[in-house]
file query-v9.cif (mmCIF, C-alpha atoms)
data_query
#
loop_
_atom_site.group_PDB
_atom_site.id
_atom_site.type_symbol
_atom_site.label_atom_id
_atom_site.label_comp_id
_atom_site.auth_asym_id
_atom_site.auth_seq_id
_atom_site.Cartn_x
_atom_site.Cartn_y
_atom_site.Cartn_z
ATOM 1 C CA VAL T 9 0.000 0.000 0.000
ATOM 2 C CA ALA T 10 2.824 2.404 0.863
ATOM 3 C CA ALA T 11 4.492 1.644 -2.485
ATOM 4 C CA MET T 12 1.218 2.457 -4.298
ATOM 5 C CA PHE T 13 1.008 5.846 -2.536
ATOM 6 C CA VAL T 14 4.621 6.621 -3.475
ATOM 7 C CA LEU T 15 3.978 5.718 -7.122
ATOM 8 C CA LEU T 16 0.903 7.959 -7.239
ATOM 9 C CA LEU T 17 2.868 10.824 -5.653
ATOM 10 C CA HIS T 18 5.612 10.381 -8.240
ATOM 11 C CA ALA T 19 3.136 10.238 -11.139
ATOM 12 C CA GLY T 20 1.379 13.406 -9.958
ATOM 13 C CA ALA T 21 4.681 15.303 -9.745
ATOM 14 C CA GLN T 22 5.566 14.971 -13.444
ATOM 15 C CA SER T 23 6.071 18.192 -15.441
ATOM 16 C CA ASN T 24 3.175 17.595 -17.834
ATOM 17 C CA VAL T 25 0.845 17.036 -14.865
ATOM 18 C CA LYS T 26 2.019 20.160 -13.021
ATOM 19 C CA ARG T 27 1.577 22.358 -16.098
ATOM 20 C CA GLY T 28 -1.682 21.043 -17.529
ATOM 21 C CA HIS T 29 -3.457 19.321 -14.641
ATOM 22 C CA GLU T 30 -2.494 21.227 -11.521
ATOM 23 C CA THR T 31 -5.592 19.993 -9.678
ATOM 24 C CA ILE T 32 -4.354 16.410 -10.036
ATOM 25 C CA PHE T 33 -0.898 17.577 -8.952
ATOM 26 C CA LYS T 34 -2.344 19.199 -5.840
ATOM 27 C CA TYR T 35 -4.615 16.404 -4.676
ATOM 28 C CA THR T 36 -2.175 13.556 -5.315
ATOM 29 C CA HIS T 37 0.267 15.327 -3.008
ATOM 30 C CA TRP T 38 -2.239 15.013 -0.182
ATOM 31 C CA LEU T 39 -1.549 11.287 -0.333
ATOM 32 C CA TYR T 40 1.388 11.894 1.962
ATOM 33 C CA VAL T 41 -1.127 11.939 4.852
ATOM 34 C CA PRO T 42 -2.317 8.315 4.403
ATOM 35 C CA LEU T 43 1.265 7.396 3.487
ATOM 36 C CA TYR T 44 2.452 8.526 6.922
ATOM 37 C CA VAL T 45 -0.387 6.608 8.570
ATOM 38 C CA VAL T 46 0.584 3.438 6.708
ATOM 39 C CA LEU T 47 4.238 3.906 7.620
ATOM 40 C CA LEU T 48 3.241 4.441 11.242
ATOM 41 C CA LEU T 49 1.375 1.114 11.246
ATOM 42 C CA HIS T 50 4.065 -0.705 9.290
ATOM 43 C CA GLY T 51 5.746 -2.179 12.325
ATOM 44 C CA LYS T 52 6.503 -5.703 13.436
ATOM 45 C CA ASN T 53 3.557 -5.856 15.814
ATOM 46 C CA GLY T 54 1.525 -2.932 14.473
ATOM 47 C CA ILE T 55 2.891 0.525 15.310
ATOM 48 C CA ALA T 56 6.463 1.137 14.161
ATOM 49 C CA LYS T 57 8.401 1.670 17.375
ATOM 50 C CA LYS T 58 11.033 3.992 15.897
ATOM 51 C CA PHE T 59 9.076 5.827 13.201
ATOM 52 C CA TRP T 60 6.536 7.455 15.516
ATOM 53 C CA HIS T 61 9.411 9.085 17.476
ATOM 54 C CA TRP T 62 10.261 11.120 14.391
ATOM 55 C CA VAL T 63 6.757 11.860 13.131
ATOM 56 C CA ILE T 64 4.758 12.677 16.260
ATOM 57 C CA ILE T 65 5.923 16.296 16.767
ATOM 58 C CA PRO T 66 5.705 17.501 13.118
ATOM 59 C CA MET T 67 2.368 15.682 12.685
ATOM 60 C CA LEU T 68 0.899 17.358 15.782
ATOM 61 C CA LEU T 69 2.105 20.752 14.531
ATOM 62 C CA PHE T 70 0.532 20.057 11.122
ATOM 63 C CA VAL T 71 -2.807 19.104 12.694
ATOM 64 C CA LEU T 72 -2.685 22.216 14.915
ATOM 65 C CA ASP T 73 -1.970 24.442 11.901
ATOM 66 C CA ARG T 74 -4.869 22.961 9.924
ATOM 67 C CA ALA T 75 -7.217 23.269 12.906
ATOM 68 C CA ILE T 76 -6.367 26.949 13.426
ATOM 69 C CA ALA T 77 -6.785 27.620 9.708
ATOM 70 C CA PHE T 78 -10.178 25.872 9.694
ATOM 71 C CA TRP T 79 -11.623 27.658 12.710
ATOM 72 C CA SER T 80 -10.329 31.068 11.626
ATOM 73 C CA GLY T 81 -11.672 30.726 8.090
ATOM 74 C CA ASP T 82 -8.091 30.444 6.828
ATOM 75 C CA GLY T 83 -7.898 34.251 6.499
ATOM 76 C CA GLN T 84 -10.204 34.375 3.477
ATOM 77 C CA GLN T 85 -11.184 37.799 2.166
ATOM 78 C CA ARG T 86 -13.171 39.055 -0.800
ATOM 79 C CA LEU T 87 -11.554 40.827 -3.726
ATOM 80 C CA ARG T 88 -13.394 43.683 -5.432
ATOM 81 C CA LEU T 89 -12.639 43.178 -9.118
ATOM 82 C CA GLN T 90 -12.748 46.456 -11.076
ATOM 83 C CA ASN T 91 -11.867 45.460 -14.625
ATOM 84 C CA VAL T 92 -10.653 42.525 -16.678
ATOM 85 C CA THR T 93 -8.249 42.458 -19.642
ATOM 86 C CA ILE T 94 -7.959 39.255 -21.672
ATOM 87 C CA MET T 95 -4.894 39.019 -23.888
ATOM 88 C CA ARG T 96 -5.779 35.776 -25.623
ATOM 89 C CA PRO T 97 -4.374 33.210 -25.654
ATOM 90 C CA HIS T 98 -1.628 33.970 -23.163
ATOM 91 C CA THR T 99 -2.470 36.413 -20.362
ATOM 92 C CA LEU T 100 -5.279 37.511 -18.062
ATOM 93 C CA ILE T 101 -4.975 40.887 -16.304
ATOM 94 C CA LEU T 102 -7.086 41.653 -13.249
ATOM 95 C CA GLU T 103 -7.345 45.123 -11.733
ATOM 96 C CA VAL T 104 -8.570 45.059 -8.154
ATOM 97 C CA ASP T 105 -9.756 47.754 -5.768
ATOM 98 C CA LYS T 106 -6.800 48.525 -3.509
ATOM 99 C CA ALA T 107 -9.008 48.870 -0.436
ATOM 100 C CA SER T 108 -10.117 45.235 -0.739
ATOM 101 C CA VAL T 109 -6.544 43.940 -0.299
ATOM 102 C CA GLN T 110 -5.808 44.212 3.411
ATOM 103 C CA PRO T 111 -3.173 44.428 4.674
ATOM 104 C CA ALA T 112 -1.663 46.365 1.764
ATOM 105 C CA HIS T 113 0.818 44.384 -0.284
ATOM 106 C CA LEU T 114 4.531 45.125 -0.616
ATOM 107 C CA GLU T 115 6.959 44.599 -3.489
ATOM 108 C CA GLY T 116 7.153 41.022 -4.727
ATOM 109 C CA GLN T 117 4.444 39.632 -2.453
ATOM 110 C CA TYR T 118 1.819 37.163 -3.617
ATOM 111 C CA LEU T 119 -1.546 35.771 -2.598
ATOM 112 C CA PHE T 120 -3.599 32.613 -2.974
ATOM 113 C CA MET T 121 -6.695 33.201 -5.083
ATOM 114 C CA CYS T 122 -9.865 31.142 -5.277
ATOM 115 C CA CYS T 123 -12.767 31.564 -7.678
ATOM 116 C CA PRO T 124 -15.703 29.542 -6.279
ATOM 117 C CA GLY T 125 -17.366 29.651 -9.706
ATOM 118 C CA VAL T 126 -14.418 27.666 -11.095
ATOM 119 C CA SER T 127 -13.352 25.514 -8.150
ATOM 120 C CA THR T 128 -14.336 25.768 -4.506
ATOM 121 C CA TYR T 129 -11.194 24.110 -3.161
ATOM 122 C CA HIS T 130 -8.483 25.238 -5.569
ATOM 123 C CA TRP T 131 -6.298 28.089 -4.281
ATOM 124 C CA HIS T 132 -3.953 29.350 -6.980
ATOM 125 C CA PRO T 133 -0.813 31.374 -6.126
ATOM 126 C CA VAL T 134 -0.606 34.679 -8.037
ATOM 127 C CA VAL T 135 1.979 37.461 -7.685
ATOM 128 C CA PHE T 136 1.191 41.182 -7.601
ATOM 129 C CA SER T 137 2.535 43.011 -10.650
ATOM 130 C CA SER T 138 1.654 46.504 -9.412
ATOM 131 C CA ALA T 139 3.721 48.667 -7.112
ATOM 132 C CA PRO T 140 2.458 49.130 -3.542
ATOM 133 C CA GLN T 141 2.110 52.860 -4.274
ATOM 134 C CA ASP T 142 -0.094 52.370 -7.375
ATOM 135 C CA PRO T 143 -3.710 53.564 -6.993
ATOM 136 C CA SER T 144 -5.032 50.083 -7.787
ATOM 137 C CA VAL T 145 -3.775 46.520 -7.584
ATOM 138 C CA SER T 146 -2.991 44.620 -10.775
ATOM 139 C CA ILE T 147 -2.349 40.915 -11.214
ATOM 140 C CA HIS T 148 -1.109 39.312 -14.435
ATOM 141 C CA ILE T 149 -1.955 35.617 -14.725
ATOM 142 C CA SER T 150 -0.472 33.315 -17.350
ATOM 143 C CA LEU T 151 -3.037 31.127 -19.101
ATOM 144 C CA SER T 152 -0.716 28.130 -19.144
ATOM 145 C CA SER T 153 -2.676 26.319 -16.417
ATOM 146 C CA LEU T 154 -6.081 24.691 -16.689
ATOM 147 C CA TRP T 155 -7.391 26.700 -13.711
ATOM 148 C CA ALA T 156 -6.396 29.999 -15.351
ATOM 149 C CA ARG T 157 -8.115 29.076 -18.621
ATOM 150 C CA ARG T 158 -11.274 28.151 -16.753
ATOM 151 C CA LEU T 159 -11.076 31.437 -14.857
ATOM 152 C CA VAL T 160 -10.934 33.358 -18.141
ATOM 153 C CA SER T 161 -13.965 31.501 -19.473
ATOM 154 C CA TYR T 162 -15.878 32.231 -16.278
ATOM 155 C CA LEU T 163 -15.001 35.934 -16.060
ATOM 156 C CA ALA T 164 -15.726 36.422 -19.769
ATOM 157 C CA THR T 165 -19.399 35.666 -19.042
ATOM 158 C CA LEU T 166 -19.543 38.813 -16.874
ATOM 159 C CA GLY T 167 -18.686 41.153 -19.751
ATOM 160 C CA PRO T 168 -19.807 41.757 -23.335
ATOM 161 C CA PRO T 169 -19.359 38.793 -25.707
ATOM 162 C CA ASP T 170 -15.788 38.417 -27.056
ATOM 163 C CA ALA T 171 -14.652 41.580 -25.231
ATOM 164 C CA SER T 172 -10.934 41.835 -24.498
ATOM 165 C CA TYR T 173 -11.489 44.531 -21.861
ATOM 166 C CA PHE T 174 -14.489 45.314 -19.697
ATOM 167 C CA GLU T 175 -15.245 47.023 -16.397
ATOM 168 C CA LEU T 176 -17.388 45.568 -13.653
ATOM 169 C CA GLU T 177 -19.997 47.120 -11.405
ATOM 170 C CA GLU T 178 -22.806 45.956 -9.129
ATOM 171 C CA GLN T 179 -25.889 47.301 -7.419
ATOM 172 C CA GLN T 180 -25.419 48.501 -3.843
ATOM 173 C CA THR T 181 -28.016 49.335 -1.219
ATOM 174 C CA ASP T 182 -25.749 50.584 1.573
ATOM 175 C CA ALA T 183 -24.826 54.183 2.334
ATOM 176 C CA SER T 184 -21.440 53.890 0.655
ATOM 177 C CA SER T 185 -22.970 53.395 -2.796
ATOM 178 C CA SER T 186 -23.279 56.191 -5.332
ATOM 179 C CA GLU T 187 -26.476 58.105 -6.013
ATOM 180 C CA ASP T 188 -27.672 55.804 -8.762
ATOM 181 C CA GLY T 189 -27.111 52.737 -6.583
ATOM 182 C CA VAL T 190 -24.270 51.393 -8.709
ATOM 183 C CA ARG T 191 -20.802 50.814 -7.287
ATOM 184 C CA HIS T 192 -17.707 50.441 -9.420
ATOM 185 C CA GLY T 193 -16.196 46.985 -9.058
ATOM 186 C CA ARG T 194 -17.751 43.679 -8.192
ATOM 187 C CA GLU T 195 -17.436 41.284 -5.247
ATOM 188 C CA THR T 196 -20.259 38.834 -5.915
ATOM 189 C CA SER T 197 -20.992 36.436 -8.746
ATOM 190 C CA PRO T 198 -24.360 36.336 -10.567
ATOM 191 C CA ASN T 199 -25.612 33.614 -8.183
ATOM 192 C CA GLY T 200 -24.768 35.705 -5.100
ATOM 193 C CA THR T 201 -21.592 33.911 -3.980
ATOM 194 C CA SER T 202 -18.164 35.516 -3.706
ATOM 195 C CA LEU T 203 -16.609 36.279 -7.082
ATOM 196 C CA LEU T 204 -12.962 36.038 -5.969
ATOM 197 C CA LEU T 205 -11.469 35.106 -2.603
ATOM 198 C CA PHE T 206 -7.884 35.441 -1.464
ATOM 199 C CA LYS T 207 -5.516 34.579 1.372
ATOM 200 C CA GLY T 208 -2.559 36.840 1.959
ATOM 201 C CA PRO T 209 -0.577 38.813 1.070
ATOM 202 C CA MET T 210 2.255 36.341 1.637
ATOM 203 C CA ARG T 211 5.794 37.393 2.499
ATOM 204 C CA SER T 212 8.550 37.631 -0.108
ATOM 205 C CA PRO T 213 12.282 38.486 0.062
ATOM 206 C CA LEU T 214 11.648 41.334 -2.384
ATOM 207 C CA GLN T 215 9.534 43.221 0.145
ATOM 208 C CA TYR T 216 12.782 44.317 1.843
ATOM 209 C CA VAL T 217 14.341 46.063 -1.171
ATOM 210 C CA GLY T 218 13.738 49.451 0.440
ATOM 211 C CA GLN T 219 16.001 48.553 3.374
ATOM 212 C CA TYR T 220 19.211 48.174 1.361
ATOM 213 C CA ASP T 221 21.357 50.623 -0.550
ATOM 214 C CA THR T 222 22.289 48.066 -3.224
ATOM 215 C CA VAL T 223 20.031 45.245 -4.411
ATOM 216 C CA MET T 224 20.165 42.501 -7.033
ATOM 217 C CA VAL T 225 16.761 41.282 -8.186
ATOM 218 C CA ALA T 226 16.559 38.122 -10.306
ATOM 219 C CA CYS T 227 13.350 36.554 -11.639
ATOM 220 C CA ILE T 228 12.950 33.385 -13.663
ATOM 221 C CA GLY T 229 9.769 32.966 -15.664
ATOM 222 C CA SER T 230 6.933 35.196 -14.501
ATOM 223 C CA PRO T 231 8.107 38.845 -14.331
ATOM 224 C CA ASN T 232 5.325 39.913 -11.938
ATOM 225 C CA PRO T 233 7.558 40.411 -8.866
ATOM 226 C CA LEU T 234 10.199 42.190 -10.940
ATOM 227 C CA CYS T 235 7.567 44.481 -12.446
ATOM 228 C CA SER T 236 6.336 45.363 -8.954
ATOM 229 C CA VAL T 237 9.842 46.265 -7.788
ATOM 230 C CA LEU T 238 10.708 48.271 -10.914
ATOM 231 C CA ARG T 239 7.489 50.289 -10.815
ATOM 232 C CA SER T 240 8.026 51.031 -7.135
ATOM 233 C CA MET T 241 11.571 52.275 -7.705
ATOM 234 C CA LEU T 242 11.229 54.264 -10.911
ATOM 235 C CA PHE T 243 7.762 55.761 -10.505
ATOM 236 C CA TYR T 244 7.782 56.382 -6.765
ATOM 237 C CA ARG T 245 10.939 55.790 -4.713
ATOM 238 C CA TRP T 246 13.259 57.666 -7.076
ATOM 239 C CA ASN T 247 10.587 60.172 -8.010
ATOM 240 C CA THR T 248 9.883 61.597 -4.557
ATOM 241 C CA GLY T 249 12.792 64.025 -4.413
ATOM 242 C CA HIS T 250 14.052 62.502 -1.157
ATOM 243 C CA ASP T 251 17.636 61.238 -1.219
ATOM 244 C CA GLN T 252 16.870 58.869 1.661
ATOM 245 C CA GLU T 253 14.687 56.622 -0.484
ATOM 246 C CA MET T 254 16.442 53.307 -1.052
ATOM 247 C CA PRO T 255 17.699 51.354 -2.878
ATOM 248 C CA ASN T 256 20.148 53.695 -4.610
ATOM 249 C CA HIS T 257 21.738 50.938 -6.681
ATOM 250 C CA ALA T 258 19.571 48.311 -8.385
ATOM 251 C CA HIS T 259 20.679 45.530 -10.718
ATOM 252 C CA CYS T 260 17.818 43.502 -12.187
ATOM 253 C CA TYR T 261 17.853 40.237 -14.120
ATOM 254 C CA TRP T 262 15.049 38.462 -15.941
ATOM 255 C CA VAL T 263 15.414 34.947 -17.345
ATOM 256 C CA CYS T 264 12.714 33.906 -19.813
ATOM 257 C CA ASP T 265 12.198 30.795 -21.886
ATOM 258 C CA TRP T 266 11.872 31.392 -25.632
ATOM 259 C CA SER T 267 8.533 29.583 -25.801
ATOM 260 C CA SER T 268 7.091 31.896 -23.096
ATOM 261 C CA ILE T 269 7.909 35.223 -24.756
ATOM 262 C CA ASP T 270 4.417 35.667 -26.202
ATOM 263 C CA ALA T 271 2.907 35.219 -22.737
ATOM 264 C CA TYR T 272 5.033 38.085 -21.391
ATOM 265 C CA ARG T 273 4.595 40.649 -24.160
ATOM 266 C CA TRP T 274 2.769 42.806 -21.631
ATOM 267 C CA PHE T 275 6.022 43.066 -19.676
ATOM 268 C CA VAL T 276 7.943 44.041 -22.809
ATOM 269 C CA ARG T 277 5.585 47.022 -23.150
ATOM 270 C CA GLU T 278 6.031 47.718 -19.440
ATOM 271 C CA ILE T 279 9.807 47.827 -19.968
ATOM 272 C CA GLU T 280 9.293 50.562 -22.578
ATOM 273 C CA ASP T 281 7.341 52.645 -20.052
ATOM 274 C CA LEU T 282 9.979 52.024 -17.375
ATOM 275 C CA HIS T 283 12.756 53.040 -19.767
ATOM 276 C CA ALA T 284 10.918 56.263 -20.618
ATOM 277 C CA GLN T 285 10.425 56.982 -16.900
ATOM 278 C CA LEU T 286 14.120 56.389 -16.206
ATOM 279 C CA ALA T 287 15.091 58.787 -19.000
ATOM 280 C CA LEU T 288 12.672 61.389 -17.608
ATOM 281 C CA LEU T 289 14.152 61.075 -14.127
ATOM 282 C CA ARG T 290 17.671 61.565 -15.473
ATOM 283 C CA ARG T 291 16.577 64.757 -17.239
ATOM 284 C CA THR T 292 14.391 66.304 -14.547
ATOM 285 C CA ASN T 293 16.136 65.082 -11.394
ATOM 286 C CA ALA T 294 19.781 64.891 -12.379
ATOM 287 C CA ASP T 295 21.127 65.590 -8.876
ATOM 288 C CA ARG T 296 19.189 62.714 -7.333
ATOM 289 C CA MET T 297 19.927 60.292 -10.170
ATOM 290 C CA ARG T 298 23.634 61.052 -10.037
ATOM 291 C CA ASP T 299 23.816 58.930 -6.892
ATOM 292 C CA CYS T 300 21.746 56.103 -8.384
ATOM 293 C CA ALA T 301 22.885 53.146 -10.448
ATOM 294 C CA PHE T 302 20.502 51.015 -12.448
ATOM 295 C CA SER T 303 20.977 48.067 -14.792
ATOM 296 C CA PHE T 304 18.531 45.646 -16.332
ATOM 297 C CA HIS T 305 19.532 42.400 -18.055
ATOM 298 C CA ILE T 306 17.342 39.973 -20.006
ATOM 299 C CA PHE T 307 18.388 36.400 -20.744
ATOM 300 C CA VAL T 308 16.334 34.272 -23.152
ATOM 301 C CA THR T 309 16.903 30.521 -22.943
ATOM 302 C CA ASP T 310 16.177 27.667 -25.384
ATOM 303 C CA VAL T 311 16.358 29.926 -28.441
ATOM 304 C CA PRO T 312 15.838 27.866 -31.648
ATOM 305 C CA LEU T 313 18.902 27.586 -33.828
ATOM 306 C CA ASN T 314 16.914 28.474 -36.963
ATOM 307 C CA TYR T 315 14.946 31.457 -35.652
ATOM 308 C CA ARG T 316 14.378 34.448 -37.937
ATOM 309 C CA ASP T 317 15.461 37.920 -36.851
ATOM 310 C CA LYS T 318 12.000 39.378 -37.408
ATOM 311 C CA GLU T 319 10.560 36.942 -34.870
ATOM 312 C CA VAL T 320 12.690 38.356 -32.074
ATOM 313 C CA VAL T 321 10.755 40.536 -29.633
#
call {"tool": "encode", "arguments": {"input": "query-v9.cif", "output": "structure tokens"}}
result
Amino acid sequence: VAAMFVLLLHAGAQSNVKRGHETIFKYTHWLYVPLYVVLLLHGKNGIAKKFWHWVIIPMLLFVLDRAIAFWSGDGQQRLRLQNVTIMRPHTLILEVDKASVQPAHLEGQYLFMCCPGVSTYHWHPVVFSSAPQDPSVSIHISLSSLWARRLVSYLATLGPPDASYFELEEQQTDASSSEDGVRHGRETSPNGTSLLLFKGPMRSPLQYVGQYDTVMVACIGSPNPLCSVLRSMLFYRWNTGHDQEMPNHAHCYWVCDWSSIDAYRWFVREIEDLHAQLALLRRTNADRMRDCAFSFHIFVTDVPLNYRDKEVV
């Protein structure tokens, strides 16, 4: 029985399962719970005399953690979704009311998102792509996973047919609503349940960039955390006129697979805006920028040997 659980765990951890069937990947990994029970009972006369010495403390901590999460609601909160941008077939962009994300997120942080209309039990990790100082919160989600594609199909039903961009609003009856009873943004689905739920924000090493004079930021794959840091530095930290704002020296690196370039074209356009902002800062705030150093490096892997120049982004 233990060997069967191990084989199922191994099968669910394959790359094609993780990328295309993340629900299977998630639930097969819960098999480690019955696996530990079987190992605990796999002794000469029942309970393994040595194994339980090693498993009792971490297992009790795990059960305590799950119990606290269950009784506290696991920290679930509603997101107020303001607008949706669908860049088929690669990217979904969600803009969320900043007041609905509490506590406020910092650079590089992420959250776990659940859409009950897609899956009640699936919590998908997504990284903030907006700066903490931005007026709204933005999240870019790659459509490489089955959950993300189902989320797009579900959210598309809330807007005009085949629309690539649409705003959301809902009727409100409380005192905070506008005069016509319509509030910008939406928290509930058409059947009255929560539209989007989240847990977080979760901590990230990048949230401490403002505490160091010199930082090196490297991202592989999704550029969301890097975009959050760059927007924070160039549009806010270095644009305040205060010399005390750190970091003063930033060296950024982005590693992207050739096959994923189309999914991150939104970031290529973001780089253009960041470059223009950097040039503006150097012209209008030369004294402040004289003490700053900035470099940005992009590495593309798995480039085909026979690619054509015009295909390069």
call {"tool": "residues_around", "arguments": {"input": "query-v9.cif", "residues": "stretch 263-271 of chain T", "least_positions_apart": "2", "cutoff": "7 Å", "atoms": "all atoms listed in the file", "output": "PyMOL selection string"}}
result
chain T and resi 98-99+150+227-229+261+273+306-311
call {"tool": "closest_atom_pairs", "arguments": {"input": "query-v9.cif", "of": "stretch 107-156 of chain T", "to": "stretch 21-25 of chain T", "cutoff": "12 Å", "atoms": "only C-alpha atoms", "output": "CSV"}}
result
residue,atom,partner,partner_atom,distance
T:Ser152,CA,T:Asn24,CA,11.3
T:Ser153,CA,T:Val25,CA,10.0
T:Leu154,CA,T:Val25,CA,10.5
call {"tool": "residues_around", "arguments": {"input": "query-v9.cif", "residues": "stretch 160-164 of chain T", "least_positions_apart": "6", "cutoff": "9 Å", "atoms": "all atoms listed in the file", "output": "tab-separated table (two decimals) with C-alpha atoms, keeping the file's coordinate frame"}}
result
chain	number	residue	atom	x	y	z
T	92	VAL	CA	-10.65	42.52	-16.68
T	94	ILE	CA	-7.96	39.26	-21.67
T	100	LEU	CA	-5.28	37.51	-18.06
T	125	GLY	CA	-17.37	29.65	-9.71
T	126	VAL	CA	-14.42	27.67	-11.10
T	151	LEU	CA	-3.04	31.13	-19.10
T	170	ASP	CA	-15.79	38.42	-27.06
T	171	ALA	CA	-14.65	41.58	-25.23
T	172	SER	CA	-10.93	41.84	-24.50
T	174	PHE	CA	-14.49	45.31	-19.70
call {"tool": "atom_distance", "arguments": {"input": "query-v9.cif", "atom1": "atom CA of T:Ser138", "atom2": "atom CA of T:Ser236"}}
result
4.8 Å
call {"tool": "closest_residue", "arguments": {"input": "query-v9.cif", "among": "T:Arg298, T:Arg290, T:His18, T:Arg277", "to": "T:Leu242", "atoms": "only C-alpha atoms"}}
result
T:Arg290
call {"tool": "closest_residue", "arguments": {"input": "query-v9.cif", "among": "T:Val135, T:Val63, T:Leu17, T:Val190", "to": "T:Arg211", "atoms": "all atoms listed in the file"}}
result
T:Val135
call {"tool": "residues_around", "arguments": {"input": "query-v9.cif", "residues": "T:Leu102", "least_positions_apart": "5", "cutoff": "10 Å", "atoms": "only C-alpha atoms", "output": "PDB file with C-alpha atoms, in the frame of the given file"}}
result
ATOM      1  CA  LEU T  89     -12.639  43.178  -9.118  1.00  0.00           C
ATOM      2  CA  GLN T  90     -12.748  46.456 -11.076  1.00  0.00           C
ATOM      3  CA  ASN T  91     -11.867  45.460 -14.625  1.00  0.00           C
ATOM      4  CA  VAL T  92     -10.653  42.525 -16.678  1.00  0.00           C
ATOM      5  CA  THR T  93      -8.249  42.458 -19.642  1.00  0.00           C
ATOM      6  CA  ILE T  94      -7.959  39.255 -21.672  1.00  0.00           C
ATOM      7  CA  VAL T 145      -3.775  46.520  -7.584  1.00  0.00           C
ATOM      8  CA  SER T 146      -2.991  44.620 -10.775  1.00  0.00           C
ATOM      9  CA  ILE T 147      -2.349  40.915 -11.214  1.00  0.00           C
ATOM     10  CA  HIS T 148      -1.109  39.312 -14.435  1.00  0.00           C
ATOM     11  CA  ILE T 149      -1.955  35.617 -14.725  1.00  0.00           C
TER      12      ILE T 149
END
call {"tool": "closest_residue", "arguments": {"input": "query-v9.cif", "among": "T:Arg291, T:His283, T:Lys207, T:His305", "to": "T:Cys260", "atoms": "all atoms listed in the file"}}
result
T:His305
call {"tool": "residues_around", "arguments": {"input": "query-v9.cif", "residues": "T:Tyr129", "least_positions_apart": "4", "cutoff": "12 Å", "atoms": "only C-alpha atoms", "output": "VMD selection string"}}
result
chain T and resid 31 34 to 35 120 to 125 155 205 to 206
call {"tool": "closest_residue", "arguments": {"input": "query-v9.cif", "among": "T:Leu286, T:Leu47, T:Leu114, T:Ile279", "to": "T:Ser212", "atoms": "all atoms listed in the file"}}
result
T:Leu114
